[in-house]
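To start, the structure itself, in structure tokens.
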Amino acid sequence: MPMPLVLPRIDDDGLLARYPFLPQGSEFIKRVLEENGISIEELIEAPWLEGVRVRGRIRLVDSVLQEGGVDESSTVDISTEIGRMTEALSFLHAMLVVCASFDERLLARWIEGEASRADRLLGIDSDSFPLISGSYLSGIRADGNGARDVEYWVPLADFIELCPRISGNYWRLVNRPVIGGWVCLDAGAGESSRERTARLIKERIREHLHQGCLDRMERMDDEFAAMFAEPVERITGLLSERVEAEMPMTVAIREDWPPCFESAVSELNQGVNVNHVGRVFLAAFSRALGLPREQTCNFFANAPDYAADTTTYQVNQIYEREYTPHGCPALKTNARCPVQVGDDSLCDQEWMTHPLKYIRAKQRRRYQDTATPEAPVDEGEESSSANSS
Ligand code: SF4
């Protein structure tokens with residue numbers, strides 16, 4: 001990947017807040033955390049950082065649900081220190097939620113949203129363009145005078161690597177002027193040369209974000225990922241409602257199910273009379289997993305008191321009102337936790353307070369087993385600070 005050997009120095013905090021995914025952005029985010037004395041735990045739950053989390057969620061929802069990705073017109077005023085902090089940390093929060101989901105489709109949607117936003121911003125941001133392009137391309141040359149008429153040239157190596165990912169005749173090398181190892185990205189298809197170059201840079205941003213997230217996911221341990229169980233559940237639940245047909249089935253793999261969910265499903269299937277808490281938990285947890293309502297209703301088909309209409313009505317209520325599944329303490333109190341100490345090492349963990357944490361931990365382990373079969377991760381090596389940027 002012919003990234004620049006030396007990154008241009010960026011002293012403008014406003015620019016780093018607007019483009020927090022820049023290679024130089026990780027140092028900036030670290031500095032924001034340090035200067036404000038914010039730990040990852042506080043980022044997740046401190047009341048005074050609620051605005052950051054809300055902005056992160058909006059950013060995430062925009063990215064994964066809107067066709068055009070994140071709205072580039074930020075509602076945050078980055079001329080203020082609090083505005084810059086909000087932009088930088090909301091990006092970090094959204095990225096950590098995506099990584100903690102271990103859901104590759106969610107990851108791909110978020111990256112596409114952020115990269116599309118960057119593409120649009122860069123196309124209109126003539127002041128920042130030289131610094132940003134210099135951070136992602138191994139070189140760039142501008143010919144001509146006047147912002148609209150400038151023609152940008154990029155090194156052949158960058159173009160050859162990135163252009164196959166973009167459709168359209170414009171992006172075939174045979175259709176580009178090439179002189180002395182430089183490729184001209186002149187105006188075309190209704191876009192200026194800068195907008196065309198921004199499109200090419202979008203591919204490098206996507207690649208850089210993807211690699212950064214994969215590295216982070218490999219380093220993330222169960223306990224750290226579990227801290228994000230609630231926002232992960234909310235975003236995957238939203239995805240399941242809005243894009244049901246595309247919902248990643250990885251969330252529904254049975255080996256990932258916690259014993260409490262597995263036992264509720266199995267007992268009902270065998271005609272055992274599962275109590276009220278167990279039934280509500282089963283339906284709410286199914287919704288959190290993104291299972292279709294019909295499948296959830298089918299879980300009850302062998303119950304001794306089964307009535308199709310009643311079951312459909314009650315399952316619909318739980319889906320529409322977005323019931324949060326019971327946590328471990330409530331399930332234990334209501335005799336719906338089937339494990340004893342030693343039965344399941346995950347359930348024995350001190351931090352295991354919710355079955356959603358269980359399933360995220362299982363997904364993380366499966367993801368890491370697939371990603372690095374020869375080099376299993378030492379699950380004790382990660383710390384909160386190592387995940388902070
Ligand atoms: S400890 Fe929690 S996750 Fe594990 S089976 Fe019991 S209720 Fe479910």
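Ordered as shown in the structure tokens, chains take letters A, B, and onward, while each chain numbers its residues from 1 and ligands are numbered from 1 in the order shown.
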Could you list, as a ChimeraX atom specification, all residues that come within 12 Å of ligand 1? Count only C-alpha atoms and all ligand atoms. /A:226,256-264,277-278,281-282,285,325-362
Please return as a list in words: the residues of range 137-249 of chain A that backbone DSSP assigns to strand (DSSP E or B). Arg141, Ala142, Asp143, Glu151, Tyr152, Trp153, Val154, Pro155, Val178, Ile179, Trp182, Val183, Cys184, Leu185, Gly188 and Glu191 of chain A
Would you kindly return, as a ChimeraX atom specification, each protein, DNA or RNA residue with an atom no farther than 12 Å from any atom of His210 in chain A, considering only C-alpha atoms and excluding same-chain residues fewer than 4 positions away? /A:21,95,98-99,104-112,114-115,203-206,214-217
May I have the selected residues written with N, CA and C atoms, as a PDB file, in the first residue's frame?
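And here is the file that came out, out_6.pdb:
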```
ATOM      1  N   PHE A  21     -10.535  10.107  11.499  1.00  0.00           N
ATOM      2  CA  PHE A  21      -9.996   8.826  11.020  1.00  0.00           C
ATOM      3  C   PHE A  21      -8.654   8.985  10.335  1.00  0.00           C
ATOM      4  N   MET A  95     -16.662   3.791  16.707  1.00  0.00           N
ATOM      5  CA  MET A  95     -15.738   2.761  16.207  1.00  0.00           C
ATOM      6  C   MET A  95     -15.621   1.608  17.209  1.00  0.00           C
ATOM      7  N   VAL A  98     -18.673  -0.584  16.982  1.00  0.00           N
ATOM      8  CA  VAL A  98     -18.625  -1.423  15.777  1.00  0.00           C
ATOM      9  C   VAL A  98     -17.652  -2.592  15.988  1.00  0.00           C
ATOM     10  N   CYS A  99     -16.477  -2.290  16.522  1.00  0.00           N
ATOM     11  CA  CYS A  99     -15.478  -3.349  16.723  1.00  0.00           C
ATOM     12  C   CYS A  99     -15.974  -4.376  17.749  1.00  0.00           C
ATOM     13  N   GLU A 104     -19.130  -8.316  10.803  1.00  0.00           N
ATOM     14  CA  GLU A 104     -18.422  -7.767   9.649  1.00  0.00           C
ATOM     15  C   GLU A 104     -19.316  -6.913   8.759  1.00  0.00           C
ATOM     16  N   ARG A 105     -20.605  -7.229   8.734  1.00  0.00           N
ATOM     17  CA  ARG A 105     -21.475  -6.389   7.889  1.00  0.00           C
ATOM     18  C   ARG A 105     -21.672  -5.014   8.516  1.00  0.00           C
ATOM     19  N   LEU A 106     -21.792  -5.004   9.843  1.00  0.00           N
ATOM     20  CA  LEU A 106     -21.911  -3.718  10.536  1.00  0.00           C
ATOM     21  C   LEU A 106     -20.634  -2.911  10.303  1.00  0.00           C
ATOM     22  N   LEU A 107     -19.509  -3.595  10.420  1.00  0.00           N
ATOM     23  CA  LEU A 107     -18.221  -2.938  10.195  1.00  0.00           C
ATOM     24  C   LEU A 107     -18.168  -2.343   8.781  1.00  0.00           C
ATOM     25  N   ALA A 108     -18.563  -3.122   7.780  1.00  0.00           N
ATOM     26  CA  ALA A 108     -18.489  -2.652   6.389  1.00  0.00           C
ATOM     27  C   ALA A 108     -19.404  -1.452   6.173  1.00  0.00           C
ATOM     28  N   ARG A 109     -20.589  -1.477   6.786  1.00  0.00           N
ATOM     29  CA  ARG A 109     -21.527  -0.357   6.612  1.00  0.00           C
ATOM     30  C   ARG A 109     -20.979   0.908   7.259  1.00  0.00           C
ATOM     31  N   TRP A 110     -20.429   0.750   8.441  1.00  0.00           N
ATOM     32  CA  TRP A 110     -19.908   1.931   9.137  1.00  0.00           C
ATOM     33  C   TRP A 110     -18.738   2.538   8.350  1.00  0.00           C
ATOM     34  N   ILE A 111     -17.846   1.689   7.886  1.00  0.00           N
ATOM     35  CA  ILE A 111     -16.695   2.182   7.128  1.00  0.00           C
ATOM     36  C   ILE A 111     -17.164   2.873   5.850  1.00  0.00           C
ATOM     37  N   GLU A 112     -18.139   2.280   5.184  1.00  0.00           N
ATOM     38  CA  GLU A 112     -18.655   2.907   3.969  1.00  0.00           C
ATOM     39  C   GLU A 112     -19.251   4.282   4.288  1.00  0.00           C
ATOM     40  N   GLU A 114     -18.511   6.346   6.834  1.00  0.00           N
ATOM     41  CA  GLU A 114     -17.459   7.314   7.173  1.00  0.00           C
ATOM     42  C   GLU A 114     -16.653   7.698   5.927  1.00  0.00           C
ATOM     43  N   ALA A 115     -16.356   6.727   5.084  1.00  0.00           N
ATOM     44  CA  ALA A 115     -15.565   7.020   3.891  1.00  0.00           C
ATOM     45  C   ALA A 115     -16.362   7.879   2.908  1.00  0.00           C
ATOM     46  N   GLU A 203     -11.127   5.426  -1.289  1.00  0.00           N
ATOM     47  CA  GLU A 203     -10.745   4.008  -1.241  1.00  0.00           C
ATOM     48  C   GLU A 203      -9.605   3.780  -0.256  1.00  0.00           C
ATOM     49  N   ARG A 204      -8.674   4.722  -0.189  1.00  0.00           N
ATOM     50  CA  ARG A 204      -7.553   4.580   0.761  1.00  0.00           C
ATOM     51  C   ARG A 204      -8.057   4.756   2.193  1.00  0.00           C
ATOM     52  N   ILE A 205      -9.002   5.686   2.385  1.00  0.00           N
ATOM     53  CA  ILE A 205      -9.574   5.897   3.725  1.00  0.00           C
ATOM     54  C   ILE A 205     -10.290   4.621   4.174  1.00  0.00           C
ATOM     55  N   ARG A 206     -11.042   4.022   3.259  1.00  0.00           N
ATOM     56  CA  ARG A 206     -11.780   2.796   3.573  1.00  0.00           C
ATOM     57  C   ARG A 206     -10.803   1.687   4.002  1.00  0.00           C
ATOM     58  N   LEU A 214      -9.727  -4.018  12.152  1.00  0.00           N
ATOM     59  CA  LEU A 214      -9.349  -5.436  12.285  1.00  0.00           C
ATOM     60  C   LEU A 214      -8.279  -5.599  13.360  1.00  0.00           C
ATOM     61  N   ASP A 215      -7.298  -4.711  13.362  1.00  0.00           N
ATOM     62  CA  ASP A 215      -6.246  -4.776  14.384  1.00  0.00           C
ATOM     63  C   ASP A 215      -6.852  -4.637  15.780  1.00  0.00           C
ATOM     64  N   ARG A 216      -7.749  -3.687  15.914  1.00  0.00           N
ATOM     65  CA  ARG A 216      -8.378  -3.442  17.221  1.00  0.00           C
ATOM     66  C   ARG A 216      -9.206  -4.647  17.668  1.00  0.00           C
ATOM     67  N   MET A 217      -9.933  -5.255  16.722  1.00  0.00           N
ATOM     68  CA  MET A 217     -10.773  -6.409  17.066  1.00  0.00           C
ATOM     69  C   MET A 217      -9.917  -7.594  17.500  1.00  0.00           C
TER      70      MET A 217
END
```
Contact residues around Leu49 in chain A with only C-alpha atoms at 10 Å, ignoring same-chain residues under 4 positions, as a list in words: Ile38, Glu42, Leu43, Ile44, Glu45, Arg53, Val54, Thr86, Leu89 and Ser90 of chain A
Could you write out that same residue set with C-alpha atoms as a short mmCIF file (atom, residue, chain, number, x, y, z; two decimals), in the first residue's frame?
```
data_model
loop_
_atom_site.label_atom_id
_atom_site.label_comp_id
_atom_site.auth_asym_id
_atom_site.auth_seq_id
_atom_site.Cartn_x
_atom_site.Cartn_y
_atom_site.Cartn_z
CA ILE A 38 -11.25 10.56 30.28
CA GLU A 42 -16.00 7.06 31.50
CA LEU A 43 -16.55 7.34 27.77
CA ILE A 44 -19.03 4.50 28.12
CA GLU A 45 -20.95 5.63 31.17
CA ARG A 53 -22.32 9.06 23.11
CA VAL A 54 -25.47 10.49 21.52
CA THR A 86 -17.33 15.74 20.97
CA LEU A 89 -14.66 11.08 20.95
CA SER A 90 -17.97 10.36 19.23
#
```
Neighbour list for range 171-182 of chain A as a list of chain:residue names, cut-off 10 Å, only C-alpha atoms, skip fewer than 6 positions in-chain: A:Gly139, A:Ile140, A:Arg141, A:Tyr152, A:Trp153, A:Val154, A:Pro155, A:Leu156, A:Ala157, A:Asp158, A:Phe159, A:Ile160, A:Leu162, A:Cys163, A:Pro164, A:Arg165, A:Arg196, A:Leu200
Counting only C-alpha atoms, which of A:Ile58, A:Ala17, A:Val315, A:Ile201 gets nearest to Glu161 in chain A?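 Between A:Ile58, A:Ala17, A:Val315, A:Ile201, the residue approaching Glu161 in chain A most closely is A:Ile201.
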Going by DSSP on the backbone, which bits of range 108-294 of chain A are alpha helix (DSSP H)? Write them as a ChimeraX atom specification, please. /A:108-124,129-136,156-162,193-219,222-226,229-242,259-269,276-289,293-294
